[in-house]
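Heads up, run34.txt below (compact mmCIF, C-alpha atoms):
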```
# COMPACT_ATOMS: atom_id res chain seq x y z
CA MET M 39 43.01 16.92 -23.61
CA VAL M 40 42.93 17.95 -19.95
CA VAL M 41 43.19 15.09 -17.46
CA VAL M 42 42.18 15.62 -13.83
CA VAL M 43 43.30 13.01 -11.30
CA SER M 44 42.23 12.20 -7.76
CA ALA M 45 44.18 10.46 -5.00
CA ILE M 46 45.18 6.82 -5.43
CA GLY M 47 42.81 4.26 -3.94
CA ARG M 48 40.86 4.30 -0.71
CA LEU M 49 41.76 3.46 2.88
CA PRO M 50 44.02 1.55 3.64
CA TYR M 51 46.00 2.52 0.49
CA PRO M 52 48.87 4.68 1.81
CA TYR M 53 48.18 7.72 -0.39
CA ALA M 54 44.38 7.70 -0.21
CA THR M 55 42.78 10.81 1.27
CA ASP M 56 41.66 9.06 4.49
CA SER M 57 45.07 7.47 4.90
CA LEU M 58 46.78 10.85 4.65
CA LEU M 59 44.34 12.33 7.16
CA GLN M 60 45.54 9.77 9.70
CA LEU M 61 48.96 11.44 9.64
CA VAL M 62 47.58 14.40 11.62
CA ARG M 63 45.45 14.70 14.74
CA ASN M 64 41.65 14.91 14.49
CA GLU M 65 42.03 18.28 16.21
CA ALA M 66 44.45 19.58 13.57
CA SER M 67 43.35 22.81 11.91
CA PRO M 68 41.37 22.46 8.67
CA GLN M 69 44.16 24.40 6.93
CA HIS M 70 46.77 21.82 7.95
CA LYS M 71 44.47 18.94 7.04
CA ASP M 72 44.08 20.44 3.58
CA LEU M 73 47.83 20.73 3.26
CA VAL M 74 48.39 17.04 3.97
CA VAL M 75 45.48 15.60 1.93
CA SER M 76 46.30 17.70 -1.14
CA CYS M 77 49.52 15.68 -1.39
CA GLY M 78 47.43 12.68 -2.51
CA GLU M 79 46.50 14.34 -5.80
CA ALA M 80 50.02 15.69 -6.28
CA ILE M 81 51.37 12.13 -5.97
CA SER M 82 48.77 10.96 -8.51
CA VAL M 83 49.90 13.63 -10.97
CA ALA M 84 53.53 12.50 -10.64
CA VAL M 85 52.65 8.81 -11.07
CA MET M 86 50.33 9.47 -14.04
CA ALA M 87 52.91 11.77 -15.65
CA ASP M 88 55.50 9.00 -15.42
CA LEU M 89 53.10 6.48 -16.99
CA LEU M 90 52.16 8.80 -19.85
CA GLU M 91 55.72 9.89 -20.59
CA ALA M 92 56.70 6.22 -20.79
CA GLU M 93 54.15 5.99 -23.61
CA GLY M 94 55.69 8.98 -25.40
CA ILE M 95 52.89 11.39 -24.53
CA SER M 96 53.95 15.03 -24.19
CA LEU M 97 52.40 16.67 -21.16
CA GLU M 98 52.52 19.48 -18.62
CA THR M 99 51.62 19.08 -14.95
CA PHE M 100 49.54 21.44 -12.80
CA VAL M 101 49.48 21.16 -9.02
CA PHE M 102 48.73 23.51 -6.11
CA ASP M 103 48.88 27.18 -7.16
CA HIS M 104 49.75 26.31 -10.79
CA ILE M 105 46.23 24.99 -11.42
CA GLY M 106 44.56 28.38 -11.55
CA ILE M 107 41.60 27.47 -9.32
CA TYR M 108 40.98 30.11 -6.64
CA THR M 109 38.64 29.50 -3.71
CA ASN M 110 37.29 31.01 -0.53
CA ASP M 111 39.02 30.10 2.74
CA ARG M 112 36.55 27.46 3.92
CA HIS M 113 39.17 24.73 4.26
CA GLY M 114 37.90 21.20 3.72
CA ASP M 115 34.85 22.31 1.73
CA ALA M 116 35.99 25.35 -0.24
CA GLU M 117 33.92 27.04 -2.94
CA ILE M 118 35.52 27.91 -6.29
CA LEU M 119 35.43 31.67 -6.85
CA GLU M 120 37.55 32.09 -9.99
CA ILE M 121 39.48 30.03 -12.53
CA ASN M 122 42.41 31.21 -14.62
CA VAL M 123 42.84 28.71 -17.47
CA SER M 124 45.56 30.67 -19.32
CA PRO M 125 48.41 28.31 -18.32
CA ILE M 126 46.37 25.25 -19.36
CA LEU M 127 45.41 26.88 -22.67
CA LYS M 128 49.09 27.61 -23.36
CA ALA M 129 49.98 23.96 -22.74
CA LEU M 130 47.16 22.82 -25.02
CA SER M 131 48.26 25.23 -27.75
CA ARG M 132 51.67 23.54 -27.69
CA GLY M 133 50.03 20.14 -28.20
CA LYS M 134 50.61 18.99 -24.64
CA VAL M 135 48.21 17.05 -22.46
CA SER M 136 47.43 19.06 -19.33
CA LEU M 137 47.62 16.84 -16.25
CA VAL M 138 45.86 18.51 -13.33
CA ALA M 139 45.59 17.68 -9.62
CA GLY M 140 41.92 17.57 -8.68
CA PHE M 141 40.27 18.40 -5.35
CA GLN M 142 42.35 21.50 -4.63
CA GLY M 143 42.69 25.21 -5.18
CA MET M 144 44.26 28.28 -3.59
CA SER M 145 42.46 30.52 -1.12
CA ALA M 146 42.70 34.30 -1.08
CA ASN M 147 45.53 34.15 1.45
CA ARG M 148 47.41 31.75 -0.88
CA LYS M 149 46.84 28.63 1.22
CA ILE M 150 45.86 25.29 -0.27
CA ALA M 151 42.12 24.68 0.13
CA THR M 152 40.35 21.44 -0.80
CA LEU M 153 36.90 21.25 -2.37
CA GLY M 154 35.26 18.57 -0.22
CA ARG M 155 34.62 14.90 -0.93
CA GLY M 156 34.14 14.29 -4.64
CA GLY M 157 36.22 17.40 -5.22
CA SER M 158 38.11 15.99 -8.20
CA ASP M 159 34.82 15.70 -10.09
CA THR M 160 34.17 19.33 -9.17
CA SER M 161 37.63 20.33 -10.43
CA ALA M 162 36.98 18.52 -13.71
CA THR M 163 33.57 20.04 -14.44
CA ALA M 164 34.66 23.52 -13.30
CA LEU M 165 37.68 23.38 -15.61
CA GLY M 166 35.50 21.95 -18.37
CA ALA M 167 33.14 24.90 -18.05
CA ALA M 168 35.98 27.45 -17.91
CA LEU M 169 37.62 25.90 -20.98
CA LYS M 170 34.27 25.64 -22.83
CA ALA M 171 34.95 21.95 -23.36
CA ASP M 172 32.85 19.79 -25.67
CA LEU M 173 32.52 17.07 -23.04
CA VAL M 174 33.66 16.12 -19.55
CA GLU M 175 34.12 12.40 -18.93
CA ILE M 176 34.12 11.12 -15.36
CA TYR M 177 35.78 7.72 -14.99
CA THR M 178 34.68 5.79 -11.93
CA ASP M 179 34.41 2.19 -10.66
CA VAL M 180 30.81 1.65 -11.86
CA ASP M 181 29.28 1.61 -15.33
CA GLY M 182 27.44 4.91 -14.95
CA VAL M 183 24.50 6.38 -13.04
CA PHE M 184 22.20 3.62 -11.77
CA THR M 185 18.46 3.61 -11.09
CA ALA M 186 19.33 2.73 -7.47
CA ASP M 187 22.29 1.49 -5.48
CA PRO M 188 22.92 -1.99 -6.99
CA LYS M 189 24.20 -3.14 -3.59
CA LEU M 190 20.65 -2.72 -2.29
CA VAL M 191 18.73 -3.42 -5.51
CA PRO M 192 20.24 -6.16 -7.71
CA GLU M 193 17.70 -5.26 -10.43
CA ALA M 194 19.02 -1.68 -10.72
CA TYR M 195 20.44 -0.80 -14.13
CA THR M 196 22.49 1.94 -15.79
CA ILE M 197 20.56 5.00 -17.01
CA SER M 198 21.61 5.77 -20.59
CA GLU M 199 20.83 9.50 -20.39
CA ILE M 200 19.64 11.87 -17.71
CA THR M 201 19.22 15.62 -17.24
CA PHE M 202 21.48 17.85 -15.16
CA GLU M 203 18.51 18.67 -12.95
CA GLU M 204 17.77 15.03 -12.18
CA VAL M 205 21.34 13.94 -11.52
CA GLY M 206 21.83 17.04 -9.33
CA GLU M 207 18.78 16.05 -7.27
CA MET M 208 20.04 12.47 -7.09
CA ALA M 209 23.41 13.67 -5.83
CA HIS M 210 21.78 15.93 -3.24
CA HIS M 211 19.61 13.06 -2.02
CA GLY M 212 22.34 10.46 -1.62
CA ALA M 213 23.56 9.10 -4.98
CA LYS M 214 27.36 9.05 -4.84
CA VAL M 215 28.30 8.95 -8.52
CA LEU M 216 28.55 12.73 -8.96
CA HIS M 217 28.88 15.56 -6.44
CA PRO M 218 26.17 18.28 -6.57
CA LYS M 219 28.87 20.95 -7.02
CA ALA M 220 30.27 19.09 -10.01
CA VAL M 221 26.84 18.97 -11.64
CA SER M 222 26.20 22.68 -11.04
CA PHE M 223 29.28 23.81 -13.01
CA SER M 224 28.35 21.75 -16.06
CA MET M 225 24.70 22.78 -15.80
CA GLN M 226 25.51 26.51 -15.75
CA ASP M 227 27.52 26.30 -18.98
CA ASN M 228 25.65 23.36 -20.53
CA ILE M 229 28.77 21.17 -20.79
CA PRO M 230 27.64 17.54 -21.09
CA ILE M 231 29.10 14.93 -18.74
CA ARG M 232 29.59 11.27 -19.51
CA VAL M 233 29.92 9.01 -16.46
CA ARG M 234 31.54 5.71 -17.33
CA SER M 235 33.63 2.88 -15.94
CA THR M 236 37.41 2.94 -15.89
CA PHE M 237 37.38 -0.82 -16.40
CA SER M 238 35.07 -1.35 -19.39
CA ASP M 239 34.15 0.13 -22.77
CA LYS M 240 30.45 0.45 -21.90
CA PRO M 241 29.00 3.83 -22.97
CA GLY M 242 27.95 4.81 -19.44
CA THR M 243 25.49 7.60 -18.71
CA MET M 244 25.25 10.88 -20.64
CA VAL M 245 24.22 13.85 -18.49
CA HIS M 246 22.96 16.90 -20.39
CA GLY M 247 20.48 19.75 -20.39
CA GLU M 248 18.14 18.51 -23.10
CA PRO M 249 14.77 16.87 -22.33
CA VAL M 250 14.98 13.08 -22.31
CA LYS M 251 12.77 11.29 -24.84
CA PHE M 252 10.16 8.98 -23.29
CA GLN M 253 10.85 10.48 -19.87
CA PRO M 254 9.77 8.07 -17.09
CA VAL M 255 7.85 9.38 -14.08
CA VAL M 256 10.65 8.29 -11.74
CA THR M 257 14.23 8.00 -12.99
CA ALA M 258 15.93 6.74 -9.83
CA VAL M 259 15.57 5.91 -6.14
CA THR M 260 18.25 7.30 -3.82
CA HIS M 261 18.94 7.09 -0.11
CA ILE M 262 20.89 8.63 2.75
CA PRO M 263 21.45 6.41 5.82
CA ASP M 264 22.07 7.36 9.43
CA VAL M 265 20.11 10.56 9.92
CA ALA M 266 18.50 12.00 13.04
CA TYR M 267 15.11 13.68 13.32
CA ILE M 268 14.84 16.91 15.32
CA GLN M 269 11.71 18.76 16.46
CA ILE M 270 11.94 22.15 18.17
CA GLU M 271 9.03 23.73 20.04
CA ILE M 272 9.33 27.52 19.91
CA SER M 273 8.16 29.62 22.85
CA GLY M 274 8.63 33.09 24.28
CA ILE M 275 9.30 35.06 21.09
CA HIS M 276 7.66 35.66 17.74
CA VAL M 277 7.75 32.57 15.54
CA ASP M 278 9.40 34.32 12.58
CA GLU M 279 12.21 35.64 14.76
CA ALA M 280 12.68 32.19 16.30
CA ARG M 281 12.91 30.49 12.91
CA HIS M 282 15.49 33.03 11.78
CA ARG M 283 17.53 32.36 14.91
CA ILE M 284 17.34 28.56 14.45
CA PHE M 285 18.59 28.61 10.87
CA LYS M 286 21.28 31.18 11.71
CA VAL M 287 22.85 29.23 14.58
CA PHE M 288 22.81 25.93 12.72
CA SER M 289 24.38 27.61 9.69
CA GLU M 290 27.12 29.13 11.86
CA ALA M 291 27.75 25.68 13.38
CA GLY M 292 28.17 24.18 9.91
CA VAL M 293 25.26 21.75 10.32
CA SER M 294 23.19 21.07 7.20
CA LEU M 295 19.42 20.79 7.69
CA ASP M 296 17.13 18.78 5.44
CA LEU M 297 13.43 17.86 5.19
CA ILE M 298 12.54 21.13 6.90
CA THR M 299 8.88 21.52 7.90
CA ILE M 300 7.43 24.50 9.81
CA THR M 301 4.00 24.12 11.42
CA GLY M 302 2.83 26.74 13.89
CA ASN M 303 5.41 26.87 16.66
CA LEU M 304 7.08 23.58 15.63
CA VAL M 305 10.14 23.30 13.41
CA ASP M 306 11.07 19.81 12.18
CA PHE M 307 14.12 18.76 10.17
CA ILE M 308 16.74 16.04 9.83
CA ILE M 309 20.52 16.09 10.17
CA LYS M 310 23.33 13.59 9.77
CA GLU M 311 23.74 11.47 12.89
CA SER M 312 27.40 12.51 12.92
CA ASP M 313 26.20 16.08 13.62
CA VAL M 314 24.06 15.18 16.64
CA GLN M 315 26.57 16.20 19.32
CA LYS M 316 27.23 19.55 17.64
CA SER M 317 23.47 20.06 17.24
CA GLU M 318 22.81 19.34 20.91
CA GLU M 319 25.18 22.17 21.82
CA VAL M 320 23.34 24.49 19.42
CA LEU M 321 19.93 23.47 20.71
CA ALA M 322 21.00 23.95 24.33
CA SER M 323 21.92 27.55 23.51
CA LEU M 324 18.44 28.21 22.09
CA LYS M 325 16.77 27.21 25.40
CA TRP M 326 13.61 25.76 23.80
CA LYS M 327 12.11 22.30 24.15
CA TYR M 328 13.42 19.88 21.57
CA GLN M 329 13.57 16.20 20.70
CA ILE M 330 16.32 14.33 18.85
CA LYS M 331 15.57 10.86 17.55
CA LYS M 332 18.27 8.75 15.92
CA GLY M 333 18.02 5.68 13.73
CA PHE M 334 16.39 7.11 10.61
CA ALA M 335 17.17 7.16 6.88
CA LYS M 336 15.99 9.27 3.96
CA VAL M 337 14.72 7.55 0.83
CA SER M 338 13.85 9.63 -2.25
CA VAL M 339 12.33 9.11 -5.68
CA VAL M 340 13.66 11.46 -8.38
CA GLY M 341 12.31 12.06 -11.85
CA ALA M 342 11.58 14.96 -14.18
CA GLY M 343 8.53 13.01 -15.36
CA MET M 344 6.70 13.63 -12.09
CA ARG M 345 6.61 17.40 -12.64
CA GLY M 346 2.95 18.44 -12.79
CA ARG M 347 1.78 14.82 -12.64
CA PRO M 348 -0.88 14.18 -9.97
CA GLY M 349 -0.89 11.09 -7.77
CA VAL M 350 2.84 10.39 -7.49
CA MET M 351 2.93 11.10 -3.77
CA PHE M 352 0.00 8.74 -3.25
CA HIS M 353 1.83 5.94 -5.08
CA VAL M 354 4.92 6.51 -2.90
CA VAL M 355 2.89 6.43 0.32
CA ASP M 356 0.79 3.51 -0.90
CA ALA M 357 3.83 1.41 -1.85
CA LEU M 358 5.38 1.92 1.58
CA TYR M 359 2.04 1.28 3.31
CA ARG M 360 1.49 -2.01 1.45
CA ALA M 361 5.01 -3.07 2.46
CA GLN M 362 4.18 -2.18 6.09
CA ILE M 363 6.93 0.44 6.24
CA PRO M 364 6.05 3.34 8.58
CA LEU M 365 6.53 6.81 7.07
CA TYR M 366 7.59 9.42 9.63
CA HIS M 367 8.02 12.52 7.52
CA SER M 368 8.03 13.55 3.86
CA THR M 369 8.61 16.53 1.59
CA ASP M 370 8.22 16.99 -2.14
CA SER M 371 9.49 19.31 -4.83
CA HIS M 372 8.82 19.43 -8.56
CA ILE M 373 10.96 16.38 -9.32
CA THR M 374 11.73 14.77 -5.94
CA ILE M 375 9.72 13.14 -3.16
CA ALA M 376 11.76 12.44 -0.01
CA CYS M 377 10.62 10.12 2.78
CA LEU M 378 11.90 9.58 6.30
CA VAL M 379 11.87 5.93 7.38
CA LYS M 380 13.56 3.90 10.07
CA GLN M 381 17.14 2.91 9.32
CA SER M 382 16.08 -0.71 9.72
CA ASP M 383 13.58 -0.23 6.84
CA LEU M 384 16.06 1.49 4.50
CA GLU M 385 16.91 -1.43 2.22
CA LYS M 386 13.31 -2.64 1.98
CA SER M 387 12.08 0.91 1.23
CA VAL M 388 14.52 1.38 -1.65
CA GLN M 389 13.60 -2.02 -3.09
CA VAL M 390 9.85 -1.41 -2.78
CA LEU M 391 9.97 2.03 -4.45
CA HIS M 392 12.30 0.79 -7.20
CA GLN M 393 9.91 -2.06 -7.94
CA GLU M 394 6.87 0.25 -7.86
CA PHE M 395 8.19 2.95 -10.18
CA ILE M 396 11.05 1.50 -12.24
CA GLU M 397 10.97 -2.29 -12.52
CA SER M 398 7.24 -2.34 -13.20
CA LYS M 399 7.68 0.22 -16.03
CA SER M 400 10.73 -1.29 -17.74
```
Take the structure in this file and express it as structure tokens.
Amino acid sequence: MVVVVSAIGRLPYPYATDSLLQLVRNEASPQHKDLVVSCGEAISVAVMADLLEAEGISLETFVFDHIGIYTNDRHGDAEILEINVSPILKALSRGKVSLVAGFQGMSANRKIATLGRGGSDTSATALGAALKADLVEIYTDVDGVFTADPKLVPEAYTISEITFEEVGEMAHHGAKVLHPKAVSFSMQDNIPIRVRSTFSDKPGTMVHGEPVKFQPVVTAVTHIPDVAYIQIEISGIHVDEARHRIFKVFSEAGVSLDLITITGNLVDFIIKESDVQKSEEVLASLKWKYQIKKGFAKVSVVGAGMRGRPGVMFHVVDALYRAQIPLYHSTDSHITIACLVKQSDLEKSVQVLHQEFIESKS
């Protein structure tokens, strides 16, 4: 067995990631921030090792450069480039449990680099894929993957099984149970994931690559709060060149764009409200007319059952219309329809769409 641990607790717990970040200035370099927050997982490894050894369990610990996870040098949100599982395999061959610090790897210049929020899940699924594991189990504080956030929708329930594709879309569109990076590693190597509660024996949610029997049209409703809507009016140069420039400068600034729509000389998209100040600096450099409107949220319906099925978009729009919720923007893919609504309508939107597609069908 390989056990991957994350930091202990959340703010204000002293060894939680956000607590450790408070030990350094906001202006500290990403490299130094990574160095301090990686200590949270190292502490967890030591504490867990002590607990397991007290139970007579033979184990070997892996922290920092002993883990064998190598990344690029994008500190704070590093990408895994290579994994050397030889040391872990040696420990397993000797009958030892391998206890691994999640969330961290080593960059090419041999500096500690962390994998972004939810990085311990990413460590677990990446190691699971590299080890060709039979199963990766993610233990969390909820019973599994829900049809919606139960804090907003009391009627939401645990999904017994779901495809990699669906849970990846859910993660991308706001569900916080699994990180999109974590899903991608298991999907590539078809390693099933079970998401279950640390505090109960409930079976949780099985995530796999096989088609789900009796696939519903919509599997879940997700949301992302606090987004801003941006519209840019291009002038003076060819539209294609302008679009290339827009996406290039936002990429270089590290700002993620979503709900992108291009119509004539207009480019519309949304960003996190926390990125507004950075985006204003980018937009000022482009020297085109633009608008930024805050106070929005993105609400999405996700389901493999909507692929090739006509009328789903109408039912989304109709449900919001009947609830008198204005729809400001929308995009759709094969298995996801995303809608931009006012932040003040977020909770009602999630409830209305959950009732329309999930409660009425259960």
Inset, instruction - Go ahead and compute the interatomic distance for CA of Met144 (chain M) and CA of Arg112 (chain M), in Å to one decimal. - result: 10.8 Å
Inset, instruction - For region 176-182 of chain M, work out the shell of residues within 6 Å, counting all atoms listed in the file and skipping chain neighbours fewer than 6 positions away, then give it as a PyMOL selection string. - result: chain M and resi 196+233-236+242-243
Dump C-alpha atoms for the selected residues as a PDB file, in the coordinates of the input?
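Full text of result.pdb as output:
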```
ATOM      1  CA  THR M 196      22.490   1.940 -15.790  1.00  0.00           C
ATOM      2  CA  VAL M 233      29.920   9.010 -16.460  1.00  0.00           C
ATOM      3  CA  ARG M 234      31.540   5.710 -17.330  1.00  0.00           C
ATOM      4  CA  SER M 235      33.630   2.880 -15.940  1.00  0.00           C
ATOM      5  CA  THR M 236      37.410   2.940 -15.890  1.00  0.00           C
ATOM      6  CA  GLY M 242      27.950   4.810 -19.440  1.00  0.00           C
ATOM      7  CA  THR M 243      25.490   7.600 -18.710  1.00  0.00           C
TER       8      THR M 243
END
```
Inset, instruction - Fewer than 2 positions away in the same chain doesn't count, so skip those; otherwise give me all residues within 9 Å of Phe334 (chain M), counting only C-alpha atoms, as JSON, numbers by chain. - result: {"M": [263, 264, 265, 266, 267, 308, 311, 331, 332, 336, 378, 379, 380, 381, 382, 383, 384]}
Inset, instruction - Would you mind reading off the distance between CA of Asn64 (chain M) and CA of Thr109 (chain M), one decimal, in Å? - result: 23.5 Å
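When only C-alpha atoms are used to compute distances to Thr299 (chain M), the closest of the residues M:Ile126, M:Ala84, M:Ile268, M:Leu59 turns out to be M:Ile268.
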Inset, instruction - Show which residues sit within 6 Å of Met244 (chain M), as a PyMOL selection string. Count only C-alpha atoms, and ignore same-chain residues fewer than 5 positions away. - result: chain M and resi 199+231-232
Legend entry - Polymer residues at most 9 Å from (36.2, 24.2, -4.1) by all atoms listed in the file, as a list of chain:residue names: M:Ile107, M:Tyr108, M:Thr109, M:Asn110, M:Arg112, M:His113, M:Gly114, M:Asp115, M:Ala116, M:Glu117, M:Ile118, M:Leu119, M:Phe141, M:Gln142, M:Gly143, M:Ala151, M:Thr152, M:Leu153, M:Gly154, M:Gly157, M:Thr160, M:Ser161, M:Lys219
Legend entry - Exercise: His261 (chain M) partners within 10 Å, only C-alpha atoms, chain neighbours under 3 positions left out, as a ChimeraX atom specification: /M:186-187,208-214,335-339,376-378,384-385,387-388
Inset, instruction - Have a look at CA of Gly247 (chain M) and CA of Thr201 (chain M) and let me know their distance in Å, one decimal. - result: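 Straight-line distance from CA of Gly247 (chain M) to CA of Thr201 (chain M) works out to 5.3 Å.
Residues lying within 6 Å of (30.0, 20.5, -24.1). Counted over only C-alpha atoms, they are Ala171, Asp172, Leu173, Ile229 and Pro230 of chain M.
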